[in-house]
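J.: Hey, dropping target-v3.cif in here, mmCIF, C-alpha atoms, pLDDT in the B column; chains and numbers go by the auth columns:
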data_input
loop_
_atom_site.group_PDB
_atom_site.id
_atom_site.type_symbol
_atom_site.label_atom_id
_atom_site.label_comp_id
_atom_site.label_asym_id
_atom_site.label_seq_id
_atom_site.Cartn_x
_atom_site.Cartn_y
_atom_site.Cartn_z
_atom_site.B_iso_or_equiv
_atom_site.auth_seq_id
_atom_site.auth_asym_id
ATOM 1 C CA GLY A 1 -18.702 -5.159 2.839 67.00 1 A
ATOM 2 C CA GLN A 2 -15.038 -5.650 2.149 80.00 2 A
ATOM 3 C CA SER A 3 -12.612 -6.236 4.977 90.00 3 A
ATOM 4 C CA LEU A 4 -9.212 -7.649 5.803 94.00 4 A
ATOM 5 C CA GLU A 5 -8.523 -8.709 9.365 96.00 5 A
ATOM 6 C CA GLN A 6 -5.057 -9.058 10.831 97.00 6 A
ATOM 7 C CA PRO A 7 -3.736 -8.790 14.399 97.00 7 A
ATOM 8 C CA SER A 8 -2.799 -5.290 15.473 95.00 8 A
ATOM 9 C CA GLU A 9 0.422 -6.286 17.233 97.00 9 A
ATOM 10 C CA VAL A 10 2.777 -9.238 17.486 97.00 10 A
ATOM 11 C CA THR A 11 5.890 -9.501 19.651 97.00 11 A
ATOM 12 C CA ALA A 12 8.656 -12.068 19.178 97.00 12 A
ATOM 13 C CA VAL A 13 12.296 -12.532 20.117 97.00 13 A
ATOM 14 C CA GLU A 14 15.270 -12.356 17.843 97.00 14 A
ATOM 15 C CA GLY A 15 15.928 -15.625 16.034 97.00 15 A
ATOM 16 C CA ALA A 16 12.378 -16.897 16.485 97.00 16 A
ATOM 17 C CA ILE A 17 9.657 -17.589 13.936 97.00 17 A
ATOM 18 C CA VAL A 18 6.499 -15.492 13.769 98.00 18 A
ATOM 19 C CA GLN A 19 3.309 -15.914 11.777 98.00 19 A
ATOM 20 C CA ILE A 20 1.014 -13.021 10.883 98.00 20 A
ATOM 21 C CA ASN A 21 -2.463 -14.096 9.848 98.00 21 A
ATOM 22 C CA CYS A 22 -4.856 -12.379 7.505 98.00 22 A
ATOM 23 C CA THR A 23 -8.476 -13.201 6.774 97.00 23 A
ATOM 24 C CA TYR A 24 -10.349 -11.400 4.074 96.00 24 A
ATOM 25 C CA GLN A 25 -13.838 -10.791 2.846 93.00 25 A
ATOM 26 C CA THR A 26 -13.959 -9.098 -0.529 88.00 26 A
ATOM 27 C CA SER A 27 -16.281 -8.941 -3.483 85.00 27 A
ATOM 28 C CA GLY A 28 -13.638 -10.469 -5.747 86.00 28 A
ATOM 29 C CA PHE A 29 -10.251 -12.063 -5.347 88.00 29 A
ATOM 30 C CA TYR A 30 -7.279 -11.968 -7.646 88.00 30 A
ATOM 31 C CA GLY A 31 -4.474 -12.449 -5.155 91.00 31 A
ATOM 32 C CA LEU A 32 -3.141 -11.771 -1.671 94.00 32 A
ATOM 33 C CA SER A 33 0.003 -9.726 -1.218 95.00 33 A
ATOM 34 C CA TRP A 34 2.116 -8.631 1.734 97.00 34 A
ATOM 35 C CA TYR A 35 3.978 -5.382 2.376 97.00 35 A
ATOM 36 C CA GLN A 36 6.463 -4.247 4.979 97.00 36 A
ATOM 37 C CA GLN A 37 6.563 -0.679 6.251 97.00 37 A
ATOM 38 C CA HIS A 38 9.147 0.739 8.630 96.00 38 A
ATOM 39 C CA ASP A 39 8.272 3.781 10.700 93.00 39 A
ATOM 40 C CA GLY A 40 8.228 6.910 8.557 90.00 40 A
ATOM 41 C CA GLY A 41 8.808 4.968 5.361 93.00 41 A
ATOM 42 C CA ALA A 42 6.772 3.759 2.449 94.00 42 A
ATOM 43 C CA PRO A 43 5.462 0.192 2.157 95.00 43 A
ATOM 44 C CA THR A 44 7.641 -2.245 0.242 95.00 44 A
ATOM 45 C CA PHE A 45 6.326 -5.297 -1.553 94.00 45 A
ATOM 46 C CA LEU A 46 7.215 -8.656 0.015 95.00 46 A
ATOM 47 C CA SER A 47 5.189 -11.392 -1.646 93.00 47 A
ATOM 48 C CA TYR A 48 2.143 -12.355 -3.637 92.00 48 A
ATOM 49 C CA ASN A 49 -0.078 -15.451 -3.702 94.00 49 A
ATOM 50 C CA ALA A 50 -2.661 -15.998 -6.383 91.00 50 A
ATOM 51 C CA LEU A 51 -3.004 -19.744 -5.891 94.00 51 A
ATOM 52 C CA ASP A 52 -3.277 -21.903 -2.793 96.00 52 A
ATOM 53 C CA GLY A 53 -0.056 -22.918 -1.158 97.00 53 A
ATOM 54 C CA LEU A 54 3.204 -21.619 0.164 96.00 54 A
ATOM 55 C CA GLU A 55 5.542 -19.165 -1.531 93.00 55 A
ATOM 56 C CA GLU A 56 9.035 -18.818 -0.106 93.00 56 A
ATOM 57 C CA THR A 57 11.374 -15.880 -0.528 88.00 57 A
ATOM 58 C CA GLY A 58 14.408 -16.138 1.693 92.00 58 A
ATOM 59 C CA ARG A 59 13.445 -15.813 5.349 96.00 59 A
ATOM 60 C CA PHE A 60 9.885 -14.834 4.413 96.00 60 A
ATOM 61 C CA SER A 61 7.140 -17.187 3.286 97.00 61 A
ATOM 62 C CA SER A 62 3.525 -16.494 2.457 97.00 62 A
ATOM 63 C CA PHE A 63 0.624 -18.914 2.427 98.00 63 A
ATOM 64 C CA LEU A 64 -2.839 -18.763 0.907 97.00 64 A
ATOM 65 C CA SER A 65 -5.994 -20.813 1.277 97.00 65 A
ATOM 66 C CA ARG A 66 -8.667 -19.415 -1.001 95.00 66 A
ATOM 67 C CA SER A 67 -11.351 -21.771 0.310 95.00 67 A
ATOM 68 C CA ASP A 68 -10.803 -20.373 3.816 96.00 68 A
ATOM 69 C CA SER A 69 -10.245 -16.766 2.651 96.00 69 A
ATOM 70 C CA TYR A 70 -7.097 -16.902 4.729 96.00 70 A
ATOM 71 C CA GLY A 71 -3.426 -16.323 4.383 98.00 71 A
ATOM 72 C CA TYR A 72 -0.369 -15.750 6.498 98.00 72 A
ATOM 73 C CA LEU A 73 3.100 -14.312 6.370 98.00 73 A
ATOM 74 C CA LEU A 74 5.816 -16.357 8.054 98.00 74 A
ATOM 75 C CA LEU A 75 9.028 -14.695 9.118 98.00 75 A
ATOM 76 C CA GLN A 76 11.897 -16.954 10.136 97.00 76 A
ATOM 77 C CA GLU A 77 15.164 -16.226 11.938 97.00 77 A
ATOM 78 C CA LEU A 78 13.801 -12.914 13.108 98.00 78 A
ATOM 79 C CA GLN A 79 16.167 -9.980 13.158 97.00 79 A
ATOM 80 C CA MET A 80 15.823 -6.639 14.894 97.00 80 A
ATOM 81 C CA LYS A 81 15.465 -4.962 11.501 97.00 81 A
ATOM 82 C CA ASP A 82 12.262 -6.951 10.933 98.00 82 A
ATOM 83 C CA SER A 83 10.524 -4.705 13.461 98.00 83 A
ATOM 84 C CA ALA A 84 7.991 -2.948 11.265 97.00 84 A
ATOM 85 C CA SER A 85 4.355 -2.959 10.253 97.00 85 A
ATOM 86 C CA TYR A 86 3.149 -5.671 7.905 98.00 86 A
ATOM 87 C CA PHE A 87 0.100 -5.263 5.698 97.00 87 A
ATOM 88 C CA CYS A 88 -1.862 -7.861 3.838 97.00 88 A
ATOM 89 C CA ALA A 89 -3.628 -6.656 0.720 95.00 89 A
ATOM 90 C CA VAL A 90 -6.166 -8.154 -1.655 93.00 90 A
ATOM 91 C CA ARG A 91 -6.629 -7.270 -5.279 87.00 91 A
ATOM 92 C CA ASP A 92 -10.379 -7.613 -5.282 79.00 92 A
ATOM 93 C CA GLN A 93 -11.410 -6.560 -8.757 74.00 93 A
ATOM 94 C CA GLY A 94 -10.183 -4.626 -11.713 72.00 94 A
ATOM 95 C CA PHE A 95 -7.221 -2.555 -10.689 75.00 95 A
ATOM 96 C CA LYS A 96 -8.164 -2.094 -7.044 82.00 96 A
ATOM 97 C CA THR A 97 -6.167 -3.399 -4.103 88.00 97 A
ATOM 98 C CA ILE A 98 -7.494 -3.174 -0.571 89.00 98 A
ATOM 99 C CA PHE A 99 -5.126 -3.100 2.397 93.00 99 A
ATOM 100 C CA GLY A 100 -5.580 -4.389 5.921 94.00 100 A
ATOM 101 C CA ALA A 101 -4.968 -2.122 8.904 94.00 101 A
ATOM 102 C CA GLY A 102 -1.533 -3.629 9.462 96.00 102 A
ATOM 103 C CA THR A 103 0.245 -5.700 12.107 97.00 103 A
ATOM 104 C CA ARG A 104 2.925 -4.048 14.156 97.00 104 A
ATOM 105 C CA LEU A 105 5.778 -6.523 14.753 98.00 105 A
ATOM 106 C CA PHE A 106 8.111 -5.901 17.660 97.00 106 A
ATOM 107 C CA VAL A 107 11.296 -7.969 17.716 98.00 107 A
ATOM 108 C CA LYS A 108 13.019 -8.131 21.093 96.00 108 A
ATOM 109 C CA ALA A 109 16.628 -9.020 21.790 94.00 109 A
ATOM 110 C CA SER B 1 15.200 0.198 -13.913 78.00 110 B
ATOM 111 C CA GLN B 2 11.929 1.710 -12.831 81.00 111 B
ATOM 112 C CA THR B 3 11.817 4.480 -10.269 89.00 112 B
ATOM 113 C CA ILE B 4 9.032 6.517 -8.774 93.00 113 B
ATOM 114 C CA HIS B 5 9.452 10.061 -7.528 94.00 114 B
ATOM 115 C CA GLN B 6 7.092 11.818 -5.189 95.00 115 B
ATOM 116 C CA TRP B 7 7.370 15.291 -3.719 91.00 116 B
ATOM 117 C CA PRO B 8 7.412 17.139 -1.460 93.00 117 B
ATOM 118 C CA ALA B 9 8.373 14.876 1.443 94.00 118 B
ATOM 119 C CA THR B 10 6.613 17.008 4.042 96.00 119 B
ATOM 120 C CA LEU B 11 4.086 19.780 3.788 97.00 120 B
ATOM 121 C CA VAL B 12 2.326 21.987 6.306 97.00 121 B
ATOM 122 C CA GLN B 13 -0.653 23.831 4.890 97.00 122 B
ATOM 123 C CA PRO B 14 -3.369 26.013 6.448 98.00 123 B
ATOM 124 C CA VAL B 15 -7.001 25.020 6.288 97.00 124 B
ATOM 125 C CA GLY B 16 -8.609 26.307 3.121 97.00 125 B
ATOM 126 C CA SER B 17 -5.403 26.445 1.116 97.00 126 B
ATOM 127 C CA PRO B 18 -4.905 24.539 -2.157 97.00 127 B
ATOM 128 C CA LEU B 19 -2.836 21.394 -2.577 96.00 128 B
ATOM 129 C CA SER B 20 -0.831 19.872 -5.370 96.00 129 B
ATOM 130 C CA LEU B 21 1.200 16.696 -4.950 97.00 130 B
ATOM 131 C CA GLU B 22 3.096 15.302 -7.880 96.00 131 B
ATOM 132 C CA CYS B 23 4.270 11.816 -8.692 96.00 132 B
ATOM 133 C CA THR B 24 6.328 10.703 -11.679 96.00 133 B
ATOM 134 C CA VAL B 25 7.468 7.286 -12.779 95.00 134 B
ATOM 135 C CA GLU B 26 10.556 6.548 -14.865 93.00 135 B
ATOM 136 C CA GLY B 27 11.637 3.481 -16.753 89.00 136 B
ATOM 137 C CA THR B 28 8.229 2.168 -17.703 87.00 137 B
ATOM 138 C CA SER B 29 5.384 3.035 -19.985 85.00 138 B
ATOM 139 C CA ASN B 30 1.628 2.997 -19.471 87.00 139 B
ATOM 140 C CA PRO B 31 1.830 2.111 -15.775 89.00 140 B
ATOM 141 C CA ASN B 32 -1.214 1.832 -13.550 91.00 141 B
ATOM 142 C CA LEU B 33 -0.921 4.665 -11.042 94.00 142 B
ATOM 143 C CA TYR B 34 -2.474 5.009 -7.599 95.00 143 B
ATOM 144 C CA TRP B 35 -2.879 7.517 -4.802 96.00 144 B
ATOM 145 C CA TYR B 36 -3.280 6.135 -1.285 95.00 145 B
ATOM 146 C CA ARG B 37 -3.647 7.920 2.030 95.00 146 B
ATOM 147 C CA GLN B 38 -2.540 6.547 5.366 94.00 147 B
ATOM 148 C CA ALA B 39 -3.689 7.987 8.676 89.00 148 B
ATOM 149 C CA ALA B 40 -1.272 7.643 11.584 83.00 149 B
ATOM 150 C CA GLY B 41 -1.021 3.998 12.678 80.00 150 B
ATOM 151 C CA ARG B 42 -3.598 2.874 10.155 84.00 151 B
ATOM 152 C CA GLY B 43 -3.844 1.033 6.873 88.00 152 B
ATOM 153 C CA LEU B 44 -3.818 2.446 3.380 93.00 153 B
ATOM 154 C CA GLN B 45 -6.945 3.936 1.878 92.00 154 B
ATOM 155 C CA LEU B 46 -7.202 3.970 -1.904 92.00 155 B
ATOM 156 C CA LEU B 47 -8.100 7.446 -3.145 94.00 156 B
ATOM 157 C CA PHE B 48 -7.651 7.355 -6.921 94.00 157 B
ATOM 158 C CA TYR B 49 -6.268 5.128 -9.608 92.00 158 B
ATOM 159 C CA SER B 50 -5.496 5.617 -13.267 93.00 159 B
ATOM 160 C CA VAL B 51 -4.914 3.122 -16.045 90.00 160 B
ATOM 161 C CA GLY B 52 -4.033 5.692 -18.692 91.00 161 B
ATOM 162 C CA ILE B 53 -3.699 9.363 -19.600 93.00 162 B
ATOM 163 C CA GLY B 54 -6.799 11.276 -18.597 91.00 163 B
ATOM 164 C CA GLN B 55 -8.408 8.183 -17.047 92.00 164 B
ATOM 165 C CA ILE B 56 -9.118 8.660 -13.352 93.00 165 B
ATOM 166 C CA SER B 57 -11.207 6.488 -11.057 90.00 166 B
ATOM 167 C CA SER B 58 -12.204 7.902 -7.686 89.00 167 B
ATOM 168 C CA GLU B 59 -12.732 5.620 -4.733 85.00 168 B
ATOM 169 C CA VAL B 60 -13.570 8.061 -1.976 81.00 169 B
ATOM 170 C CA PRO B 61 -15.834 11.083 -2.500 64.00 170 B
ATOM 171 C CA GLN B 62 -14.127 14.045 -0.897 80.00 171 B
ATOM 172 C CA ASN B 63 -12.559 17.388 -1.715 89.00 172 B
ATOM 173 C CA LEU B 64 -9.560 15.815 -3.433 95.00 173 B
ATOM 174 C CA SER B 65 -9.090 15.282 -7.147 95.00 174 B
ATOM 175 C CA ALA B 66 -6.499 13.617 -9.330 96.00 175 B
ATOM 176 C CA SER B 67 -5.218 14.137 -12.824 96.00 176 B
ATOM 177 C CA ARG B 68 -2.906 12.323 -15.202 96.00 177 B
ATOM 178 C CA PRO B 69 -1.737 14.834 -17.789 95.00 178 B
ATOM 179 C CA GLN B 70 1.095 12.618 -19.056 94.00 179 B
ATOM 180 C CA ASP B 71 1.657 8.874 -19.175 93.00 180 B
ATOM 181 C CA ARG B 72 4.038 8.821 -16.219 93.00 181 B
ATOM 182 C CA GLN B 73 2.722 11.756 -14.203 95.00 182 B
ATOM 183 C CA PHE B 74 0.008 11.601 -11.571 96.00 183 B
ATOM 184 C CA ILE B 75 -1.136 14.657 -9.610 97.00 184 B
ATOM 185 C CA LEU B 76 -3.264 14.890 -6.484 97.00 185 B
ATOM 186 C CA SER B 77 -4.989 18.218 -5.876 96.00 186 B
ATOM 187 C CA SER B 78 -7.375 20.038 -3.634 96.00 187 B
ATOM 188 C CA LYS B 79 -8.881 23.487 -3.941 95.00 188 B
ATOM 189 C CA LYS B 80 -9.456 23.911 -0.206 96.00 189 B
ATOM 190 C CA LEU B 81 -7.832 21.671 2.379 96.00 190 B
ATOM 191 C CA LEU B 82 -9.659 20.433 5.457 95.00 191 B
ATOM 192 C CA LEU B 83 -8.129 19.388 8.767 95.00 192 B
ATOM 193 C CA SER B 84 -9.216 15.837 7.978 92.00 193 B
ATOM 194 C CA ASP B 85 -6.994 15.830 4.879 94.00 194 B
ATOM 195 C CA SER B 86 -3.910 15.450 7.059 94.00 195 B
ATOM 196 C CA GLY B 87 -2.104 12.177 6.520 95.00 196 B
ATOM 197 C CA PHE B 88 0.634 10.334 4.695 96.00 197 B
ATOM 198 C CA TYR B 89 0.000 10.378 0.949 97.00 198 B
ATOM 199 C CA LEU B 90 1.541 7.653 -1.123 97.00 199 B
ATOM 200 C CA CYS B 91 1.779 7.333 -4.861 97.00 200 B
ATOM 201 C CA ALA B 92 2.259 3.866 -6.303 95.00 201 B
ATOM 202 C CA TRP B 93 2.603 2.212 -9.655 93.00 202 B
ATOM 203 C CA SER B 94 2.240 -1.297 -10.972 87.00 203 B
ATOM 204 C CA GLU B 95 2.489 -3.108 -14.249 75.00 204 B
ATOM 205 C CA SER B 96 0.980 -6.414 -13.283 68.00 205 B
ATOM 206 C CA ASN B 97 -1.350 -5.276 -10.504 56.00 206 B
ATOM 207 C CA TYR B 98 -0.126 -7.860 -8.064 68.00 207 B
ATOM 208 C CA GLY B 99 2.753 -5.856 -6.634 86.00 208 B
ATOM 209 C CA TYR B 100 2.926 -2.133 -6.089 92.00 209 B
ATOM 210 C CA THR B 101 5.992 0.052 -5.920 93.00 210 B
ATOM 211 C CA PHE B 102 5.396 3.024 -3.680 95.00 211 B
ATOM 212 C CA GLY B 103 6.923 6.447 -3.747 96.00 212 B
ATOM 213 C CA SER B 104 8.571 7.785 -0.607 95.00 213 B
ATOM 214 C CA GLY B 105 5.367 9.579 0.404 96.00 214 B
ATOM 215 C CA THR B 106 4.302 13.067 1.417 96.00 215 B
ATOM 216 C CA ARG B 107 3.441 13.764 5.020 96.00 216 B
ATOM 217 C CA LEU B 108 0.750 16.452 4.944 96.00 217 B
ATOM 218 C CA THR B 109 -0.274 18.365 8.026 97.00 218 B
ATOM 219 C CA VAL B 110 -3.222 20.728 7.703 96.00 219 B
ATOM 220 C CA VAL B 111 -3.247 23.364 10.443 97.00 220 B
#
Mind converting the file's structure to structure tokens?
T.:
Amino acid sequence: GQSLEQPSEVTAVEGAIVQINCTYQTSGFYGLSWYQQHDGGAPTFLSYNALDGLEETGRFSSFLSRSDSYGYLLLQELQMKDSASYFCAVRDQGFKTIFGAGTRLFVKA
Amino acid sequence: SQTIHQWPATLVQPVGSPLSLECTVEGTSNPNLYWYRQAAGRGLQLLFYSVGIGQISSEVPQNLSASRPQDRQFILSSKKLLLSDSGFYLCAWSESNYGYTFGSGTRLTVV
């Protein structure tokens, strides 16, 4: 079967660093991406990794290890507005992308 | 710049009634288009995708259907809604397939 596993909830304090992990098992792999979704809103694209290593975009970084079928999203200098759900997603084959169930991030003052 | 429009934002429909959700994309040509559904507090489930006019791939057998009558128009339909069709419906497009741009979504409640 195809599955993406990520923690259901993570809590951190403002200004801290938080890492959201994602492990995947899919029939194919063409890249791991991350999305942010605030309550009531649509997901917005954050980052994409096709090759092993770290990609940095401002306060957000994303890492991929294809040999371990594992990736993570790193959020630095957390702000209250970062409270949201974060989804990892794998483009497994063709034009299909499969999403994880999401990690709810709570940022406390 | 590219934009994606999805409407309506919210919809309350009785069981057994028909459904039509529309999505249009501007500022791009021949986009890959997708319909996803999200249950409350859950991830996104791929329903349909289309790589061109009239080309529809279905991922989940159910009482929903999709059509792409024009290059930048994607429609999700049902002849008779079920209670289980309630959810947050999201249209998305991509050019490169590694990053999706989502519409603002339609929150459907079947009563």
J.: Could you list, as an MDAnalysis selection string, every residue of chain B that has an atom within 9 Å of an atom of chain A, counting only C-alpha atoms?
T.: chainID B and resid 141 150:155 158:160 199 206:214
J.: Could you build a table of the residues in range 169-213 of chain B lying no more than 7 Å from range 120-134 of chain B, giving for each the nearest pair of atoms and their separation in Å rounded to one decimal place, using all atoms listed in the file, ordered by chain and ascending residue number, as a tab-separated table?
T.:
residue	atom	partner	partner_atom	distance
B:Arg181	CA	B:Val134	CA	5.1
B:Gln182	CA	B:Thr133	CA	4.5
B:Phe183	CA	B:Cys132	CA	5.1
B:Ile184	CA	B:Glu131	CA	4.6
B:Leu185	CA	B:Leu130	CA	5.1
B:Ser186	CA	B:Ser129	CA	4.5
B:Ser187	CA	B:Leu128	CA	4.9
B:Lys188	CA	B:Pro127	CA	4.5
B:Lys189	CA	B:Gly125	CA	4.2
B:Leu190	CA	B:Gly125	CA	4.8
B:Leu191	CA	B:Val124	CA	5.4
B:Leu192	CA	B:Val124	CA	6.3
B:Cys200	CA	B:Cys132	CA	6.4
J.: Please, could you write that set of residues out with C-alpha atoms as a compact mmCIF listing (two decimals), in the coordinates of the input?
T.:
# COMPACT_ATOMS: atom_id res chain seq x y z
CA ARG B 181 4.04 8.82 -16.22
CA GLN B 182 2.72 11.76 -14.20
CA PHE B 183 0.01 11.60 -11.57
CA ILE B 184 -1.14 14.66 -9.61
CA LEU B 185 -3.26 14.89 -6.48
CA SER B 186 -4.99 18.22 -5.88
CA SER B 187 -7.38 20.04 -3.63
CA LYS B 188 -8.88 23.49 -3.94
CA LYS B 189 -9.46 23.91 -0.21
CA LEU B 190 -7.83 21.67 2.38
CA LEU B 191 -9.66 20.43 5.46
CA LEU B 192 -8.13 19.39 8.77
CA CYS B 200 1.78 7.33 -4.86
J.: As a check of understanding, name the residues that the PyMOL selection byres ((chain A and resi 12) around 10) selects in the supplied structure, as a ChimeraX atom specification.
T.: /A:10-11,13-19,78-80,83,105-109
J.: Have a look at CA of Arg59 in chain A and CA of Gln6 in chain A and let me know their distance in Å, one decimal.
T.: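 CA of Gln6 in chain A lies at a distance of 20.4 Å from CA of Arg59 in chain A.
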J.: Using CA of His114 in chain B and CA of Glu168 in chain B as the two end points, give the distance in Å to one decimal.
T.: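 Separation between CA of His114 in chain B and CA of Glu168 in chain B: 22.8 Å.
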J.: I'd like the contact shell of Asp180 in chain B - 7 Å cut-off, all atoms listed in the file, skipping same-chain residues fewer than 5 positions apart - returned as a PDB file with C-alpha atoms, in the coordinates of the input.
T.:
ATOM      1  CA  SER B 138       5.384   3.035 -19.985  1.00 85.00           C
ATOM      2  CA  ASN B 139       1.628   2.997 -19.471  1.00 87.00           C
ATOM      3  CA  GLY B 161      -4.033   5.692 -18.692  1.00 91.00           C
ATOM      4  CA  ILE B 162      -3.699   9.363 -19.600  1.00 93.00           C
TER       5      ILE B 162
END
J.: Output as JSON the centre and edge lengths (Å, one decimal) of the box along x, y and z of the file that holds every listed atom of range 195-214 of chain B after adding 5 Å on each side.
T.:
{"center_x": 2.3, "center_y": 3.8, "center_z": -3.6, "size_x": 22.5, "size_y": 33.3, "size_z": 31.3}
J.: Find the distance between CA of Leu4 in chain A and CA of Tyr24 in chain A and write it in Å to one decimal.
T.: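 Taking CA of Leu4 in chain A as the start and CA of Tyr24 in chain A as the end point, the length is 4.3 Å.
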J.: I'd like to see the residues matched by the PyMOL selection byres ((chain A and resi 22) around 6) on this file, and ideally I'd get them as an MDAnalysis selection string.
T.: chainID A and resid 5:6 21 23 70:72
J.: Where does the PyMOL selection byres ((chain A and resi 61) around 9) land in this file, that is, which residues does it pick, as a list in words?
T.: Ser47, Leu54, Glu55, Glu56, Thr57, Gly58, Arg59, Phe60, Ser62, Phe63, Tyr72, Leu73, Leu74, Leu75 and Gln76 of chain A
